[in-house]
>>> print(open('input17.cif').read())   # mmCIF, C-alpha atoms and all ligand atoms
data_query
loop_
_atom_site.label_atom_id
_atom_site.label_comp_id
_atom_site.auth_asym_id
_atom_site.auth_seq_id
_atom_site.Cartn_x
_atom_site.Cartn_y
_atom_site.Cartn_z
CA MET C 457 0.00 0.00 0.00
CA ASN C 458 1.22 3.48 -0.86
CA ILE C 459 1.09 5.27 2.48
CA ASP C 460 2.07 8.60 0.99
CA GLN C 461 -0.87 8.52 -1.39
CA LEU C 462 -3.27 7.22 1.24
CA SER C 463 -2.24 9.94 3.64
CA ASN C 464 -2.87 12.65 1.05
CA GLN C 465 -6.27 11.22 0.19
CA VAL C 466 -7.24 11.11 3.86
CA LEU C 467 -6.13 14.72 4.25
CA ASP C 468 -8.31 15.58 1.26
CA GLY C 469 -11.23 14.15 3.20
CA GLU C 470 -11.91 11.28 0.80
CA ARG C 471 -14.23 8.92 2.58
CA ARG C 472 -13.16 5.83 0.69
CA ALA C 473 -9.54 6.49 1.55
CA LEU C 474 -10.59 7.02 5.18
CA ALA C 475 -12.38 3.67 5.14
CA ARG C 476 -9.28 2.00 3.71
CA ALA C 477 -7.08 3.69 6.29
CA ILE C 478 -9.32 2.41 9.09
CA THR C 479 -9.17 -1.10 7.64
CA LEU C 480 -5.39 -0.79 7.73
CA ILE C 481 -5.29 0.25 11.40
CA GLU C 482 -7.74 -2.55 12.27
CA SER C 483 -5.45 -5.18 10.83
CA SER C 484 -3.25 -7.04 13.28
CA ARG C 485 -0.74 -8.17 10.65
CA GLY C 486 2.76 -7.03 11.52
CA ASP C 487 3.46 -5.19 8.25
CA HIS C 488 0.06 -3.51 8.42
CA ARG C 489 0.75 -2.32 11.96
CA MET C 490 3.94 -0.70 10.75
CA GLN C 491 2.22 0.99 7.83
CA ALA C 492 -0.56 2.13 10.17
CA ALA C 493 1.98 3.66 12.53
CA GLU C 494 3.62 5.46 9.62
CA LEU C 495 0.27 6.74 8.38
CA LEU C 496 -0.77 8.02 11.81
CA GLU C 497 2.60 9.69 12.27
CA ARG C 498 2.22 11.52 8.96
CA LEU C 499 -1.31 12.64 9.65
CA LYS C 500 -0.51 13.92 13.12
CA GLY C 501 1.22 16.88 11.54
CA ALA C 502 -2.08 18.15 10.11
CA ARG C 503 -3.12 19.12 13.66
CA ARG C 504 -6.79 19.02 12.85
CA GLN C 505 -9.19 18.72 15.73
CA ALA C 506 -12.79 17.57 15.93
CA ILE C 507 -15.13 17.65 18.88
CA ARG C 508 -15.17 14.08 20.08
CA ILE C 509 -18.52 13.19 21.59
CA GLY C 510 -19.00 9.91 23.46
CA LEU C 511 -22.53 8.55 23.56
CA SER C 512 -23.75 5.75 25.77
CA GLY C 513 -27.11 4.16 26.43
CA THR C 514 -28.71 0.77 26.85
CA PRO C 515 -30.12 -1.02 23.78
CA GLY C 516 -33.47 0.40 22.75
CA VAL C 517 -32.97 3.81 24.34
CA GLY C 518 -32.67 5.37 20.89
CA LYS C 519 -28.94 5.73 20.18
CA SER C 520 -29.16 5.02 16.44
CA THR C 521 -32.22 7.22 16.08
CA PHE C 522 -30.46 10.00 17.98
CA ILE C 523 -27.25 9.71 15.93
CA GLU C 524 -29.30 9.74 12.74
CA SER C 525 -31.24 12.91 13.64
CA PHE C 526 -28.49 14.70 15.54
CA GLY C 527 -25.88 13.85 12.90
CA SER C 528 -28.17 14.98 10.07
CA MET C 529 -28.87 18.23 11.89
CA LEU C 530 -25.13 18.89 12.14
CA THR C 531 -24.40 18.03 8.50
CA ALA C 532 -27.26 20.36 7.48
CA GLN C 533 -25.30 23.09 9.28
CA GLY C 534 -22.31 22.32 7.08
CA LEU C 535 -20.43 20.22 9.62
CA ARG C 536 -18.82 16.91 8.73
CA VAL C 537 -19.76 14.12 11.10
CA ALA C 538 -18.08 10.77 11.69
CA VAL C 539 -19.69 7.97 13.70
CA LEU C 540 -17.58 5.26 15.32
CA ALA C 541 -18.51 2.59 17.82
CA VAL C 542 -17.00 0.67 20.70
CA ASP C 543 -18.79 -2.64 21.00
CA PRO C 544 -17.99 -4.60 24.13
CA SER C 545 -19.79 -7.73 22.96
CA SER C 546 -17.42 -9.63 20.72
CA ALA C 547 -20.03 -12.20 19.74
CA ARG C 548 -22.60 -9.56 18.82
CA SER C 549 -25.37 -11.99 19.55
CA GLY C 550 -28.76 -10.34 19.62
CA GLY C 551 -29.23 -6.78 20.81
CA SER C 552 -28.26 -3.84 18.75
CA ILE C 553 -25.29 -3.62 16.47
CA LEU C 554 -23.48 -0.40 17.10
CA GLY C 555 -22.68 1.91 14.25
CA ASP C 556 -24.89 -0.15 11.98
CA LYS C 557 -25.45 1.73 8.76
CA THR C 558 -28.80 0.16 8.05
CA ARG C 559 -30.08 1.72 11.26
CA MET C 560 -28.79 5.13 10.21
CA ASP C 561 -30.07 5.11 6.70
CA ARG C 562 -30.27 8.85 6.10
CA LEU C 563 -26.89 9.63 7.62
CA SER C 564 -25.15 6.78 5.80
CA ARG C 565 -26.18 8.34 2.47
CA ASP C 566 -25.13 11.83 3.57
CA PRO C 567 -21.95 12.97 1.76
CA ASN C 568 -20.89 14.88 4.89
CA ALA C 569 -21.13 11.85 7.13
CA PHE C 570 -18.97 8.80 7.66
CA ILE C 571 -20.13 5.75 9.63
CA ARG C 572 -17.94 2.89 10.74
CA PRO C 573 -19.10 0.00 12.93
CA SER C 574 -17.01 -1.30 15.81
CA PRO C 575 -14.04 -3.49 14.91
CA SER C 576 -14.74 -7.09 15.82
CA GLN C 577 -12.14 -8.02 18.38
CA THR C 578 -12.43 -10.08 21.48
CA HIS C 579 -10.36 -7.71 23.60
CA LEU C 580 -11.93 -4.42 24.63
CA GLY C 581 -8.35 -3.16 24.74
CA GLY C 582 -7.94 -3.97 21.04
CA VAL C 583 -11.21 -2.28 20.16
CA ALA C 584 -10.16 0.74 22.21
CA ARG C 585 -6.88 1.17 20.37
CA ARG C 586 -8.46 0.74 16.94
CA THR C 587 -11.17 3.23 17.80
CA ARG C 588 -8.70 5.78 19.12
CA GLU C 589 -6.69 5.50 15.95
CA ALA C 590 -9.85 5.75 13.86
CA VAL C 591 -10.75 8.95 15.72
CA ALA C 592 -7.35 10.38 14.80
CA LEU C 593 -7.90 9.42 11.15
CA CYS C 594 -11.33 11.07 11.10
CA GLU C 595 -9.84 14.24 12.56
CA ALA C 596 -7.10 14.27 9.93
CA ALA C 597 -9.77 13.79 7.27
CA GLY C 598 -11.31 17.06 8.42
CA PHE C 599 -14.38 15.82 10.25
CA ASN C 600 -15.69 18.42 12.69
CA VAL C 601 -17.59 16.11 14.99
CA VAL C 602 -16.74 12.52 15.87
CA LEU C 603 -19.50 10.61 17.65
CA ILE C 604 -18.37 7.49 19.48
CA GLU C 605 -21.23 5.21 20.37
CA THR C 606 -21.29 2.48 23.00
CA VAL C 607 -23.74 0.34 24.92
CA GLY C 608 -24.28 1.00 28.60
CA VAL C 609 -22.55 -2.04 30.01
CA GLY C 610 -19.35 -2.61 31.94
CA GLN C 611 -16.05 -1.11 30.96
CA SER C 612 -16.97 0.25 27.57
CA GLU C 613 -18.18 3.60 28.95
CA THR C 614 -14.82 4.24 30.56
CA VAL C 615 -13.09 3.40 27.30
CA VAL C 616 -15.29 5.83 25.37
CA ALA C 617 -15.18 8.56 28.02
CA GLU C 618 -11.38 8.39 27.95
CA MET C 619 -11.33 9.18 24.25
CA SER C 620 -14.05 11.85 24.23
CA ASP C 621 -14.14 15.56 24.90
CA LEU C 622 -17.78 15.33 25.91
CA PHE C 623 -19.74 12.38 27.21
CA LEU C 624 -23.47 12.04 26.64
CA LEU C 625 -25.68 9.58 28.43
CA LEU C 626 -28.93 8.73 26.69
CA LEU C 627 -31.79 7.54 28.91
CA ALA C 628 -35.40 6.60 28.39
CA PRO C 629 -38.27 8.10 30.42
CA ALA C 630 -38.75 6.11 33.64
CA GLY C 631 -42.12 4.76 34.66
CA GLY C 632 -41.94 5.74 38.32
CA ASP C 633 -39.82 8.33 39.99
CA GLU C 634 -36.88 6.00 40.56
CA LEU C 635 -33.53 6.68 38.95
CA GLN C 636 -33.29 3.76 36.54
CA GLY C 637 -30.49 2.01 38.37
CA VAL C 638 -27.94 4.07 36.48
CA LYS C 639 -24.63 3.43 38.16
CA ARG C 640 -23.26 6.42 39.98
CA GLY C 641 -19.95 6.09 38.17
CA ILE C 642 -21.61 6.42 34.78
CA MET C 643 -23.61 9.41 35.93
CA GLU C 644 -20.43 11.05 37.13
CA MET C 645 -18.89 10.54 33.70
CA ALA C 646 -21.74 12.26 31.90
CA ASP C 647 -21.50 15.90 30.85
CA VAL C 648 -25.01 15.95 29.48
CA ILE C 649 -27.78 13.46 30.25
CA LEU C 650 -30.39 13.31 27.51
CA ILE C 651 -33.77 11.88 28.38
CA ASN C 652 -34.90 10.67 24.98
CA LYS C 653 -38.42 9.90 23.71
CA ALA C 654 -39.84 13.11 25.16
CA ASP C 655 -42.80 12.96 22.76
CA GLY C 656 -46.40 11.76 22.66
CA ASP C 657 -47.48 9.64 25.62
CA LEU C 658 -43.96 9.57 27.01
CA LYS C 659 -43.49 13.31 27.21
CA ALA C 660 -44.76 13.77 30.76
CA ALA C 661 -42.69 10.86 32.05
CA ALA C 662 -39.62 12.25 30.26
CA THR C 663 -40.07 15.64 31.90
CA ARG C 664 -40.39 13.97 35.32
CA THR C 665 -37.34 11.78 34.70
CA CYS C 666 -35.38 14.82 33.60
CA ALA C 667 -36.27 16.66 36.84
CA ASP C 668 -35.17 13.62 38.86
CA TYR C 669 -31.80 13.53 37.15
CA SER C 670 -31.33 17.27 37.38
CA GLY C 671 -31.82 16.88 41.13
CA ALA C 672 -29.42 13.96 41.32
CA LEU C 673 -26.78 15.83 39.29
CA ARG C 674 -26.97 18.80 41.64
CA LEU C 675 -26.01 16.48 44.47
CA LEU C 676 -22.82 15.42 42.72
CA ARG C 677 -19.62 17.15 43.63
CA LYS C 678 -18.99 20.18 41.45
CA ARG C 679 -16.25 19.37 38.97
CA PRO C 680 -13.55 21.95 38.27
CA GLN C 681 -13.82 21.31 34.52
CA ASP C 682 -17.43 22.50 34.45
CA PRO C 683 -19.02 25.93 34.32
CA GLU C 684 -22.10 26.67 36.43
CA GLY C 685 -25.05 24.44 35.57
CA PHE C 686 -23.08 21.45 34.29
CA PRO C 687 -23.40 18.50 34.12
CA LYS C 688 -27.02 18.90 33.11
CA ALA C 689 -30.04 16.82 32.15
CA MET C 690 -32.30 17.69 29.22
CA THR C 691 -35.19 16.12 27.34
CA VAL C 692 -35.02 15.37 23.63
CA SER C 693 -36.99 13.48 21.06
CA ALA C 694 -34.69 11.85 18.55
CA LEU C 695 -37.71 10.63 16.63
CA GLU C 696 -39.38 14.02 16.31
CA GLU C 697 -36.04 15.83 16.16
CA ASP C 698 -36.99 17.98 19.09
CA GLY C 699 -34.51 19.57 21.50
CA LEU C 700 -31.51 18.57 19.42
CA GLN C 701 -30.41 22.11 18.60
CA THR C 702 -30.68 23.10 22.26
CA ALA C 703 -28.62 20.06 23.23
CA TRP C 704 -25.99 20.97 20.63
CA SER C 705 -25.86 24.57 21.88
CA GLU C 706 -25.27 23.33 25.42
CA MET C 707 -22.48 21.07 24.19
CA GLN C 708 -20.87 24.00 22.42
CA THR C 709 -21.21 26.23 25.48
CA LEU C 710 -19.49 23.60 27.58
CA THR C 711 -16.75 23.00 25.02
CA ASP C 712 -16.07 26.71 24.52
CA TRP C 713 -15.85 27.25 28.25
CA ARG C 714 -13.45 24.34 28.65
CA ARG C 715 -11.30 25.54 25.78
CA GLU C 716 -10.97 28.95 27.34
CA ALA C 717 -10.28 27.55 30.79
CA GLY C 718 -7.64 25.17 29.43
CA PHE C 719 -9.58 22.03 30.39
CA PHE C 720 -10.12 20.93 26.81
CA ASP C 721 -6.43 20.49 25.98
CA GLY C 722 -5.77 19.43 29.55
CA ARG C 723 -8.22 16.59 29.26
CA ARG C 724 -6.70 15.41 26.00
CA ALA C 725 -3.25 15.48 27.57
CA ASP C 726 -4.51 13.41 30.52
CA GLN C 727 -6.15 11.00 28.09
CA ALA C 728 -2.93 10.58 26.13
CA ARG C 729 -1.15 9.67 29.35
CA TYR C 730 -3.95 7.29 30.33
CA TRP C 731 -3.73 5.48 26.99
CA PHE C 732 0.03 5.26 27.17
CA GLU C 733 -0.30 3.50 30.51
CA GLN C 734 -3.07 1.25 29.21
CA GLU C 735 -0.97 0.30 26.18
CA LEU C 736 1.94 -0.54 28.42
CA ARG C 737 -0.18 -2.67 30.76
CA GLN C 738 -1.70 -4.47 27.83
CA ALA C 739 1.65 -5.10 26.19
CA LEU C 740 2.94 -6.58 29.44
CA LEU C 741 -0.15 -8.73 29.90
CA SER C 742 0.14 -10.01 26.35
CA ARG C 743 3.51 -11.45 27.31
CA LEU C 744 1.53 -13.96 29.40
CA GLU C 745 -0.51 -15.07 26.39
CA THR C 746 2.23 -16.90 24.49
CA PRO C 747 2.07 -20.73 24.50
CA GLU C 748 5.37 -20.90 26.41
CA ALA C 749 4.19 -18.48 29.07
CA ARG C 750 0.89 -20.31 29.40
CA ALA C 751 2.65 -23.66 29.78
CA GLU C 752 4.98 -22.21 32.38
CA MET C 753 2.06 -20.64 34.20
CA THR C 754 0.23 -23.98 34.26
CA ARG C 755 3.33 -25.75 35.53
CA LEU C 756 3.98 -23.19 38.28
CA GLY C 757 0.30 -23.03 39.15
CA GLN C 758 0.34 -26.75 39.71
CA ALA C 759 3.43 -26.44 41.91
CA VAL C 760 1.74 -23.73 43.98
CA SER C 761 -1.50 -25.68 44.37
CA GLU C 762 0.46 -28.71 45.55
CA GLY C 763 2.32 -26.65 48.09
CA HIS C 764 5.75 -26.95 46.44
CA ALA C 765 6.14 -23.22 45.94
CA THR C 766 4.59 -20.08 47.41
CA PRO C 767 2.50 -17.88 45.08
CA ALA C 768 4.98 -15.01 45.39
CA VAL C 769 8.05 -17.10 44.57
CA ALA C 770 6.32 -18.82 41.66
CA ALA C 771 5.26 -15.44 40.24
CA GLN C 772 8.85 -14.19 40.48
CA GLN C 773 10.07 -17.30 38.69
CA LEU C 774 7.66 -16.73 35.85
CA LEU C 775 8.76 -13.10 35.50
CA VAL C 776 12.37 -14.25 35.35
CA SER C 777 11.58 -16.83 32.68
CA LEU C 778 9.82 -14.12 30.64
CA GLY C 779 12.89 -11.93 30.90
CA LEU C 780 10.95 -9.29 32.81
CA LYS C 781 13.01 -9.64 35.94
CA ASP C 782 16.61 -10.41 36.79
CA ARG C 783 17.30 -13.44 38.86
P1 LIG A 801 -30.68 1.88 20.19
O1 LIG A 801 -30.78 0.41 20.40
O2 LIG A 801 -30.28 2.60 21.43
O3 LIG A 801 -29.84 2.25 19.00
O4 LIG A 801 -32.19 2.39 19.89
P2 LIG A 801 -32.93 2.70 18.50
O5 LIG A 801 -32.47 3.99 17.95
O6 LIG A 801 -32.81 1.49 17.64
O7 LIG A 801 -34.42 2.89 19.00
C1 LIG A 801 -35.13 1.88 19.67
C2 LIG A 801 -36.62 2.13 19.49
O8 LIG A 801 -36.98 3.35 20.14
C3 LIG A 801 -37.02 2.26 18.03
O9 LIG A 801 -38.27 1.63 17.87
C4 LIG A 801 -37.14 3.75 17.83
O10 LIG A 801 -38.05 4.10 16.85
C5 LIG A 801 -37.60 4.21 19.21
N1 LIG A 801 -37.20 5.59 19.46
C6 LIG A 801 -35.95 6.13 19.32
N2 LIG A 801 -35.98 7.44 19.60
C7 LIG A 801 -37.24 7.75 19.93
C8 LIG A 801 -37.90 8.98 20.33
O11 LIG A 801 -37.32 10.04 20.42
N3 LIG A 801 -39.24 8.88 20.60
C9 LIG A 801 -39.93 7.71 20.53
N4 LIG A 801 -41.23 7.74 20.81
N5 LIG A 801 -39.34 6.56 20.14
C10 LIG A 801 -38.02 6.58 19.85
#
>>> encode(input="input17.cif", output="structure tokens", more="lines below")
Ligand code: GDP
Amino acid sequence: MNIDQLSNQVLDGERRALARAITLIESSRGDHRMQAAELLERLKGARRQAIRIGLSGTPGVGKSTFIESFGSMLTAQGLRVAVLAVDPSSARSGGSILGDKTRMDRLSRDPNAFIRPSPSQTHLGGVARRTREAVALCEAAGFNVVLIETVGVGQSETVVAEMSDLFLLLLAPAGGDELQGVKRGIMEMADVILINKADGDLKAAATRTCADYSGALRLLRKRPQDPEGFPKAMTVSALEEDGLQTAWSEMQTLTDWRREAGFFDGRRADQARYWFEQELRQALLSRLETPEARAEMTRLGQAVSEGHATPAVAAQQLLVSLGLKDR
């Protein structure tokens, strides 16, 4: 592959070249990894920046519908919008497929939009790296907004929040006045909580749910990276395309404030450090995945379980045999 040519085409914003570049970074072949690294290095010099928006919500809450309407609203304003996904379920059995073009029909045909489903990898760490690199490619290709979608389960929110400038949590109207068992940690990650489906019969419930969350958010510790009034909860209807412009204005207000206060670049710098440490951890852990290391681990594990070695000594021995520790 001609990396020079590919890099120029990406910089020209060619979507097919962008798709090919993402396929390259998703490949785990050794030569592809090297080409990918070269490509990313070249594109870094362009110093283009998008607003990276993370979006999380349980299946059925309306993520695809929201991305379709919100994304189309932005492209109508002349912005270029890329949609990526972090899918924690490797098997993808049942449930929704993230970043599925057939569920974002209008946006997928929009010349100012680019949609890419989650790479299929078993490791969330692998998906995280591919997605981060894809974000960088989209920025180099001149996209103004990168939406990163994920499902509200487990670790995937953290992964997405750590690569986003803004984090949106999409919720459905609750039946009662209970907070829908949203984990505190996820709520603390959110910059804007959007109560979707605020239309028709669900409108009253959405308004109530929004008030509940506004109350709950006020009880959270004020974060230094936020101006007065944030994080905040709002109602929207993705289906009727209602409240989307207001939501976008709030996101811009927050982003502008953070840029001026230095938190925008600060957050990206912290994220870069976070990902460096994650990469390092993962690289070290992968040293345990080789057949030799596994065999040695089984052998030492057996010795420990039979009382021939202590766990600490056996662990040290394994590190020595991996060349990670001197005798
Ligand atoms: P996802 O699984 O989170 O991507 O959710 P979808 O976007 O596929 O939406 C799930 C269902 O909720 C679909 O039947 C949508 O039509 C419906 N839905 C999404 N947004 C809205 C909304 O704003 N109002 C109403 N009434 N229904 C919606």
>>> atom_distance(input="input17.cif", atom1="atom C10 of ligand LIG 801 (chain A)", atom2="atom CA of C:Ala694")
6.4 Å
>>> axis_aligned_box(input="input17.cif", around="ligand LIG 801 (chain A)", padding_each_side="3 Å", output="AutoDock Vina command-line options")
--center_x -35.5 --center_y 5.2 --center_z 19.1 --size_x 17.4 --size_y 15.6 --size_z 10.6
>>> residues_near_ligand(input="input17.cif", ligand="ligand LIG 801 (chain A)", cutoff="12 Å", atoms="all atoms listed in the file", output="PyMOL selection string")
chain C and resi 511-526+541+550-561+605-608+625-629+650-659+661-662+691-700
>>> atom_distance(input="input17.cif", atom1="atom CA of C:Ile459", atom2="atom CA of C:Leu495")
6.1 Å
>>> atom_distance(input="input17.cif", atom1="atom CA of C:Val760", atom2="atom CA of C:Lys781")
19.8 Å
>>> residues_around(input="input17.cif", residues="stretch 532-536 of chain C", least_positions_apart="2", cutoff="12 Å", atoms="only C-alpha atoms", output="count of residues only")
32
>>> residues_around(input="input17.cif", residues="C:Arg489", least_positions_apart="6", cutoff="12 Å", atoms="all atoms listed in the file", output="VMD selection string")
chain C and resid 477 to 483 495 to 496 585 to 586 589
>>> closest_residue(input="input17.cif", among="C:Leu474, C:Ala771, C:Ala672, C:Ser463", to="C:Arg640", atoms="all atoms listed in the file")
C:Ala672
>>> closest_residue(input="input17.cif", among="C:Ala646, C:Met457, C:Leu744, C:Leu775", to="C:Glu613", atoms="all atoms listed in the file")
C:Ala646
>>> closest_residue(input="input17.cif", among="C:Met619, C:Leu780, C:Leu710, C:Ala703", to="C:Arg508", atoms="all atoms listed in the file")
C:Met619
>>> closest_residue(input="input17.cif", among="C:Ser574, C:Glu618, C:Val466, C:Ala475", to="C:Ala728", atoms="only C-alpha atoms")
C:Glu618
>>> closest_residue(input="input17.cif", among="C:Pro687, C:Ala667, C:Ser484, C:Ile509", to="C:Ile604", atoms="only C-alpha atoms")
C:Ile509
>>> residues_around(input="input17.cif", residues="C:Arg674", least_positions_apart="3", cutoff="10 Å", atoms="all atoms listed in the file", output="ChimeraX atom specification")
/C:669-671,677-678,685-688
>>> build_atoms(input="input17.cif", residues="stretch 529-538 of chain C", atoms="all heavy atoms", output="JSON list (two decimals), in the coordinates of the input")
[["chain", "number", "residue", "atom", "x", "y", "z"],
["C", 529, "MET", "N", -28.72, 16.81, 11.55],
["C", 529, "MET", "CA", -28.87, 18.23, 11.89],
["C", 529, "MET", "C", -27.51, 18.94, 11.74],
["C", 529, "MET", "O", -27.42, 20.03, 11.19],
["C", 529, "MET", "CB", -29.39, 18.38, 13.32],
["C", 529, "MET", "CG", -29.53, 19.82, 13.78],
["C", 529, "MET", "SD", -29.81, 19.94, 15.55],
["C", 529, "MET", "CE", -28.13, 19.77, 16.18],
["C", 530, "LEU", "N", -26.46, 18.28, 12.21],
["C", 530, "LEU", "CA", -25.13, 18.89, 12.14],
["C", 530, "LEU", "C", -24.65, 19.00, 10.69],
["C", 530, "LEU", "O", -24.08, 20.03, 10.30],
["C", 530, "LEU", "CB", -24.13, 18.08, 12.97],
["C", 530, "LEU", "CG", -24.38, 18.02, 14.48],
["C", 530, "LEU", "CD1", -23.30, 17.19, 15.16],
["C", 530, "LEU", "CD2", -24.44, 19.41, 15.10],
["C", 531, "THR", "N", -24.87, 17.96, 9.89],
["C", 531, "THR", "CA", -24.40, 18.03, 8.50],
["C", 531, "THR", "C", -25.18, 19.11, 7.75],
["C", 531, "THR", "O", -24.63, 19.77, 6.87],
["C", 531, "THR", "CB", -24.51, 16.68, 7.76],
["C", 531, "THR", "OG1", -25.86, 16.25, 7.77],
["C", 531, "THR", "CG2", -23.62, 15.62, 8.37],
["C", 532, "ALA", "N", -26.46, 19.30, 8.12],
["C", 532, "ALA", "CA", -27.26, 20.36, 7.48],
["C", 532, "ALA", "C", -26.68, 21.73, 7.80],
["C", 532, "ALA", "O", -26.89, 22.69, 7.06],
["C", 532, "ALA", "CB", -28.72, 20.26, 7.94],
["C", 533, "GLN", "N", -25.95, 21.81, 8.92],
["C", 533, "GLN", "CA", -25.30, 23.09, 9.28],
["C", 533, "GLN", "C", -23.91, 23.21, 8.65],
["C", 533, "GLN", "O", -23.14, 24.09, 8.99],
["C", 533, "GLN", "CB", -25.19, 23.20, 10.80],
["C", 533, "GLN", "CG", -26.55, 23.29, 11.48],
["C", 533, "GLN", "CD", -26.47, 23.28, 13.00],
["C", 533, "GLN", "OE1", -25.41, 23.48, 13.58],
["C", 533, "GLN", "NE2", -27.59, 23.03, 13.65],
["C", 534, "GLY", "N", -23.59, 22.25, 7.79],
["C", 534, "GLY", "CA", -22.31, 22.32, 7.08],
["C", 534, "GLY", "C", -21.17, 21.60, 7.79],
["C", 534, "GLY", "O", -20.02, 21.67, 7.35],
["C", 535, "LEU", "N", -21.49, 20.94, 8.90],
["C", 535, "LEU", "CA", -20.43, 20.22, 9.62],
["C", 535, "LEU", "C", -20.27, 18.81, 9.06],
["C", 535, "LEU", "O", -21.22, 18.23, 8.54],
["C", 535, "LEU", "CB", -20.77, 20.15, 11.12],
["C", 535, "LEU", "CG", -20.84, 21.49, 11.83],
["C", 535, "LEU", "CD1", -21.46, 21.34, 13.22],
["C", 535, "LEU", "CD2", -19.44, 22.09, 11.95],
["C", 536, "ARG", "N", -19.07, 18.29, 9.16],
["C", 536, "ARG", "CA", -18.82, 16.91, 8.73],
["C", 536, "ARG", "C", -18.79, 16.03, 9.97],
["C", 536, "ARG", "O", -18.10, 16.33, 10.94],
["C", 536, "ARG", "CB", -17.52, 16.83, 7.92],
["C", 536, "ARG", "CG", -17.60, 17.68, 6.65],
["C", 536, "ARG", "CD", -16.32, 17.57, 5.85],
["C", 536, "ARG", "NE", -16.18, 16.25, 5.26],
["C", 536, "ARG", "CZ", -15.02, 15.60, 5.16],
["C", 536, "ARG", "NH1", -13.92, 16.14, 5.62],
["C", 536, "ARG", "NH2", -14.97, 14.42, 4.61],
["C", 537, "VAL", "N", -19.54, 14.94, 9.90],
["C", 537, "VAL", "CA", -19.76, 14.12, 11.10],
["C", 537, "VAL", "C", -19.33, 12.68, 10.87],
["C", 537, "VAL", "O", -19.75, 12.04, 9.90],
["C", 537, "VAL", "CB", -21.28, 14.13, 11.45],
["C", 537, "VAL", "CG1", -21.55, 13.23, 12.66],
["C", 537, "VAL", "CG2", -21.76, 15.55, 11.73],
["C", 538, "ALA", "N", -18.48, 12.18, 11.75],
["C", 538, "ALA", "CA", -18.08, 10.77, 11.69],
["C", 538, "ALA", "C", -18.69, 10.03, 12.88],
["C", 538, "ALA", "O", -18.82, 10.58, 13.97],
["C", 538, "ALA", "CB", -16.57, 10.65, 11.73]]
